[in-house]
Amino acid sequence: MARTKQQQPESNPSLSIKSVTKSSVWDIQENDVIRMWEAACKDAEVKENVKHYIQIFKSAFFIEDLRDDSAATRKNYEGRGYKVATIKFDDSMKFIWGIKKRPISRVTDLTYENIRHITAAQLLEVIDRNFGGGWDSLSQSVQDVIQSGFDISTTTLPKDRLHKKGGMYEKKVEDGYEVLEVAKGGWVEAIFAKLKPEEIKLRMQLRGDDDDDFDEDDDSDVIVEDNYSSHDEEDEEVDGPNDDDITEDNYSTMMDLGGDDDEEASELIDFADE
């Protein structure tokens, strides 16, 4: 996969402590966190519910409580990528925090809250770091999280056929999909990813919440990729992989399925209030 430099998401100045959620908090950066908390220092309601708001921010940020405000301590944290700030509500409530955005570098970092806050290229880089095993190496729970925000489809072909003119690879790229190629002996698995339009995500959430109307056997929203209708005679004559390689059963294309959201699974870190 062609590597692209990851860009930090733009700040969202419209957010405030009272309006930020565990999803929208991924739209902001360390300086925004400091600005929002400094602006809220005179808000009595925020002061009374500090722990609640801290938990929301901790879903997307590391927040370290610095008991030692020495220059050496600040330098140590800043050297590790933290922004250090003093948040003072009054003489009885003062925090010195080291704040750093949580990275999304492993598949286990992906959650329903942050999945739509990365690009398709960044997602495929994360998948690529998962021991290079391809889509099937991911757990079902991780696949569900990914498919809640992205359209995913895969195909496994001999490497000399993957880039065939007019084939699935070319059509997907033209349609705006990013692609990750995973070598599997003489074959290659191509994983295509494209961010879902927001309205599709909302429709899935509404459908999943309506237990009375939801029918597991209803496949009206399932889109099946048909990669065989356009194969010519030359395609049918291609030899399969060796016995030690991928079997003929693996020569297939995965269906695009819109998975229903499971319960939220983002881990919360309790704030130590001493």
# chains A, B, ... in the order shown; residues from 1 in each chain; ligands from 1
>>> residues_around(residues="Ile146 (chain A)", least_positions_apart="4", cutoff="9 Å", atoms="only C-alpha atoms", output="PyMOL selection string")
chain A and resi 110-112+115-116+123+141-142+150-152
>>> write_last_selection(atoms="C-alpha atoms", output="PDB file, in the first residue's frame")
ATOM      1  CA  LEU A 110     -10.116   1.095  17.273  1.00  0.00           C
ATOM      2  CA  THR A 111     -13.471   1.804  18.918  1.00  0.00           C
ATOM      3  CA  TYR A 112     -16.971   2.756  17.800  1.00  0.00           C
ATOM      4  CA  ILE A 115     -13.502   4.760  13.934  1.00  0.00           C
ATOM      5  CA  ARG A 116     -14.912   7.644  11.883  1.00  0.00           C
ATOM      6  CA  LEU A 123      -7.134   2.463   8.861  1.00  0.00           C
ATOM      7  CA  SER A 141     -15.365  -7.661  17.223  1.00  0.00           C
ATOM      8  CA  VAL A 142     -12.656  -5.585  15.494  1.00  0.00           C
ATOM      9  CA  PHE A 150     -16.095   1.911   6.618  1.00  0.00           C
ATOM     10  CA  ASP A 151     -17.208  -0.030   3.571  1.00  0.00           C
ATOM     11  CA  ILE A 152     -14.849  -3.014   3.388  1.00  0.00           C
TER      12      ILE A 152
END
>>> closest_residue(among="A:His163, A:Arg106, A:Lys94, A:His117", to="Ala190 (chain A)", atoms="only C-alpha atoms")
A:His163
>>> residues_around(residues="Val20 (chain A)", least_positions_apart="4", cutoff="9 Å", atoms="only C-alpha atoms", output="VMD selection string")
chain A and resid 15 to 16 24 to 25 53 56 to 57
>>> write_last_selection(atoms="C-alpha atoms", output="compact mmCIF listing (two decimals), in the first residue's frame")
# COMPACT_ATOMS: atom_id res chain seq x y z
CA LEU A 15 -16.89 22.30 21.13
CA SER A 16 -16.97 23.08 24.82
CA SER A 24 -16.48 14.34 19.20
CA VAL A 25 -13.57 14.46 21.65
CA TYR A 53 -15.94 15.45 32.23
CA ILE A 56 -14.92 11.85 28.61
CA PHE A 57 -11.59 13.44 27.78
>>> select_by_dssp(residues="region 62-150 of chain A", states="alpha helix (DSSP H)", output="mmCIF file with C-alpha atoms, in the first residue's frame")
data_model
loop_
_atom_site.group_PDB
_atom_site.id
_atom_site.type_symbol
_atom_site.label_atom_id
_atom_site.label_comp_id
_atom_site.auth_asym_id
_atom_site.auth_seq_id
_atom_site.Cartn_x
_atom_site.Cartn_y
_atom_site.Cartn_z
ATOM 1 C CA ALA A 71 10.884 22.467 35.558
ATOM 2 C CA ALA A 72 12.503 19.033 35.342
ATOM 3 C CA THR A 73 9.123 17.264 35.562
ATOM 4 C CA ARG A 74 7.588 19.507 32.907
ATOM 5 C CA LYS A 75 10.552 18.959 30.609
ATOM 6 C CA ASN A 76 10.277 15.202 31.068
ATOM 7 C CA TYR A 77 6.612 15.122 30.090
ATOM 8 C CA GLU A 78 7.037 17.569 27.227
ATOM 9 C CA GLY A 79 9.859 15.384 25.911
ATOM 10 C CA ALA A 120 -9.231 4.969 5.103
ATOM 11 C CA ALA A 121 -5.479 5.162 4.455
ATOM 12 C CA GLN A 122 -4.781 5.376 8.198
ATOM 13 C CA LEU A 123 -7.134 2.463 8.861
ATOM 14 C CA LEU A 124 -5.310 0.256 6.367
ATOM 15 C CA GLU A 125 -1.966 1.161 7.931
ATOM 16 C CA VAL A 126 -3.337 -0.013 11.278
ATOM 17 C CA ILE A 127 -4.557 -3.271 9.714
ATOM 18 C CA ASP A 128 -1.188 -3.729 8.014
ATOM 19 C CA GLN A 140 -14.995 -10.461 14.674
ATOM 20 C CA SER A 141 -15.365 -7.661 17.223
ATOM 21 C CA VAL A 142 -12.656 -5.585 15.494
ATOM 22 C CA GLN A 143 -14.232 -6.257 12.085
ATOM 23 C CA ASP A 144 -17.590 -5.057 13.451
ATOM 24 C CA VAL A 145 -16.034 -1.828 14.722
ATOM 25 C CA ILE A 146 -14.320 -1.184 11.381
ATOM 26 C CA GLN A 147 -17.445 -1.928 9.341
ATOM 27 C CA SER A 148 -19.498 0.452 11.464
ATOM 28 C CA GLY A 149 -17.526 3.279 9.852
#
>>> atom_distance(atom1="CA of Trp97 (chain A)", atom2="CA of Val84 (chain A)")
5.6 Å
>>> select_by_dssp(residues="region 158-193 of chain A", states="strand (DSSP E or B)", output="list in words")
Pro158, Glu178, Val179, Leu180, Glu181, Val182, Ala183, Lys184, Trp187, Val188, Glu189, Ala190, Ile191, Phe192 and Ala193 of chain A
>>> write_last_selection(atoms="all heavy atoms", output="compact mmCIF listing (two decimals), in the first residue's frame")
# COMPACT_ATOMS: atom_id res chain seq x y z
N PRO A 158 -4.30 -14.40 -7.81
CA PRO A 158 -2.87 -14.54 -8.13
C PRO A 158 -2.28 -13.15 -8.37
O PRO A 158 -2.93 -12.29 -8.95
CB PRO A 158 -2.89 -15.37 -9.42
CG PRO A 158 -4.19 -16.12 -9.37
CD PRO A 158 -5.17 -15.19 -8.71
N GLU A 178 -9.38 3.17 -0.77
CA GLU A 178 -7.96 2.92 -0.51
C GLU A 178 -7.79 1.41 -0.49
O GLU A 178 -8.72 0.66 -0.19
CB GLU A 178 -7.55 3.51 0.84
CG GLU A 178 -7.63 5.02 0.92
CD GLU A 178 -6.50 5.71 0.16
OE1 GLU A 178 -5.50 5.03 -0.15
OE2 GLU A 178 -6.63 6.91 -0.11
N VAL A 179 -6.58 0.95 -0.79
CA VAL A 179 -6.36 -0.49 -0.88
C VAL A 179 -5.07 -0.90 -0.18
O VAL A 179 -4.06 -0.20 -0.24
CB VAL A 179 -6.35 -0.95 -2.36
CG1 VAL A 179 -5.26 -0.24 -3.15
CG2 VAL A 179 -6.18 -2.46 -2.45
N LEU A 180 -5.14 -2.02 0.52
CA LEU A 180 -3.97 -2.64 1.15
C LEU A 180 -3.76 -3.99 0.50
O LEU A 180 -4.70 -4.79 0.40
CB LEU A 180 -4.20 -2.80 2.65
CG LEU A 180 -3.18 -3.67 3.40
CD1 LEU A 180 -1.81 -3.00 3.40
CD2 LEU A 180 -3.65 -3.93 4.84
N GLU A 181 -2.54 -4.26 0.06
CA GLU A 181 -2.23 -5.55 -0.54
C GLU A 181 -1.44 -6.39 0.46
O GLU A 181 -0.42 -5.96 1.00
CB GLU A 181 -1.41 -5.36 -1.82
CG GLU A 181 -2.15 -4.60 -2.90
CD GLU A 181 -1.31 -4.40 -4.15
OE1 GLU A 181 -0.39 -5.23 -4.40
OE2 GLU A 181 -1.56 -3.43 -4.88
N VAL A 182 -1.92 -7.60 0.71
CA VAL A 182 -1.28 -8.52 1.65
C VAL A 182 -0.81 -9.74 0.88
O VAL A 182 -1.62 -10.50 0.33
CB VAL A 182 -2.24 -8.94 2.78
CG1 VAL A 182 -1.54 -9.88 3.75
CG2 VAL A 182 -2.79 -7.72 3.52
N ALA A 183 0.51 -9.92 0.78
CA ALA A 183 1.07 -11.04 0.03
C ALA A 183 0.81 -12.35 0.74
O ALA A 183 1.00 -12.47 1.95
CB ALA A 183 2.56 -10.83 -0.17
N LYS A 184 0.35 -13.35 -0.01
CA LYS A 184 0.11 -14.69 0.52
C LYS A 184 0.65 -15.70 -0.47
O LYS A 184 -0.07 -16.25 -1.30
CB LYS A 184 -1.39 -14.90 0.76
CG LYS A 184 -1.96 -13.99 1.84
CD LYS A 184 -3.40 -14.32 2.17
CE LYS A 184 -3.89 -13.49 3.35
NZ LYS A 184 -5.28 -13.82 3.72
N TRP A 187 -0.13 -15.53 -4.23
CA TRP A 187 -1.39 -14.82 -4.32
C TRP A 187 -1.33 -13.56 -3.48
O TRP A 187 -0.44 -13.38 -2.65
CB TRP A 187 -2.54 -15.71 -3.84
CG TRP A 187 -2.84 -16.87 -4.77
CD1 TRP A 187 -1.95 -17.72 -5.34
CD2 TRP A 187 -4.14 -17.29 -5.19
NE1 TRP A 187 -2.60 -18.65 -6.11
CE2 TRP A 187 -3.95 -18.41 -6.03
CE3 TRP A 187 -5.42 -16.83 -4.94
CZ2 TRP A 187 -5.00 -19.08 -6.63
CZ3 TRP A 187 -6.49 -17.51 -5.53
CH2 TRP A 187 -6.28 -18.61 -6.38
N VAL A 188 -2.30 -12.67 -3.70
CA VAL A 188 -2.36 -11.41 -2.95
C VAL A 188 -3.80 -11.16 -2.52
O VAL A 188 -4.72 -11.28 -3.34
CB VAL A 188 -1.86 -10.21 -3.80
CG1 VAL A 188 -2.01 -8.92 -3.02
CG2 VAL A 188 -0.41 -10.42 -4.21
N GLU A 189 -3.96 -10.83 -1.24
CA GLU A 189 -5.27 -10.39 -0.77
C GLU A 189 -5.31 -8.87 -0.83
O GLU A 189 -4.42 -8.20 -0.29
CB GLU A 189 -5.53 -10.84 0.67
CG GLU A 189 -6.87 -10.33 1.20
CD GLU A 189 -7.11 -10.64 2.67
OE1 GLU A 189 -6.13 -11.01 3.36
OE2 GLU A 189 -8.25 -10.49 3.12
N ALA A 190 -6.31 -8.34 -1.48
CA ALA A 190 -6.50 -6.89 -1.54
C ALA A 190 -7.66 -6.53 -0.62
O ALA A 190 -8.74 -7.10 -0.73
CB ALA A 190 -6.80 -6.44 -2.98
N ILE A 191 -7.40 -5.59 0.29
CA ILE A 191 -8.44 -5.12 1.21
C ILE A 191 -8.78 -3.69 0.80
O ILE A 191 -7.91 -2.81 0.80
CB ILE A 191 -7.95 -5.14 2.68
CG1 ILE A 191 -7.46 -6.54 3.06
CG2 ILE A 191 -9.07 -4.68 3.62
CD1 ILE A 191 -6.82 -6.60 4.44
N PHE A 192 -10.03 -3.45 0.45
CA PHE A 192 -10.48 -2.14 0.01
C PHE A 192 -11.28 -1.47 1.13
O PHE A 192 -12.13 -2.11 1.76
CB PHE A 192 -11.36 -2.26 -1.24
CG PHE A 192 -10.68 -2.96 -2.40
CD1 PHE A 192 -10.86 -4.33 -2.59
CD2 PHE A 192 -9.86 -2.26 -3.27
CE1 PHE A 192 -10.24 -4.98 -3.64
CE2 PHE A 192 -9.23 -2.90 -4.33
CZ PHE A 192 -9.42 -4.26 -4.51
N ALA A 193 -11.02 -0.20 1.36
CA ALA A 193 -11.70 0.51 2.45
C ALA A 193 -12.10 1.90 2.00
O ALA A 193 -11.34 2.60 1.33
CB ALA A 193 -10.79 0.62 3.68
>>> atom_distance(atom1="CA of Ser70 (chain A)", atom2="CA of Arg102 (chain A)")
24.6 Å
>>> closest_residue(among="A:His52, A:Val173, A:Thr156, A:Glu198", to="Gly185 (chain A)", atoms="only C-alpha atoms")
A:Thr156
>>> closest_residue(among="A:Ala60, A:Leu66, A:Glu113, A:Ala40", to="Ile96 (chain A)", atoms="only C-alpha atoms")
A:Leu66
>>> residues_around(residues="region 45-49 of chain A", least_positions_apart="6", cutoff="10 Å", atoms="only C-alpha atoms", output="ChimeraX atom specification")
/A:17-18,37,89-90,93
>>> closest_residue(among="A:Ala44, A:Ile99, A:Gly81, A:Gly134", to="Asp65 (chain A)", atoms="only C-alpha atoms")
A:Ile99
>>> atom_distance(atom1="CA of Lys194 (chain A)", atom2="CA of Met168 (chain A)")
14.5 Å
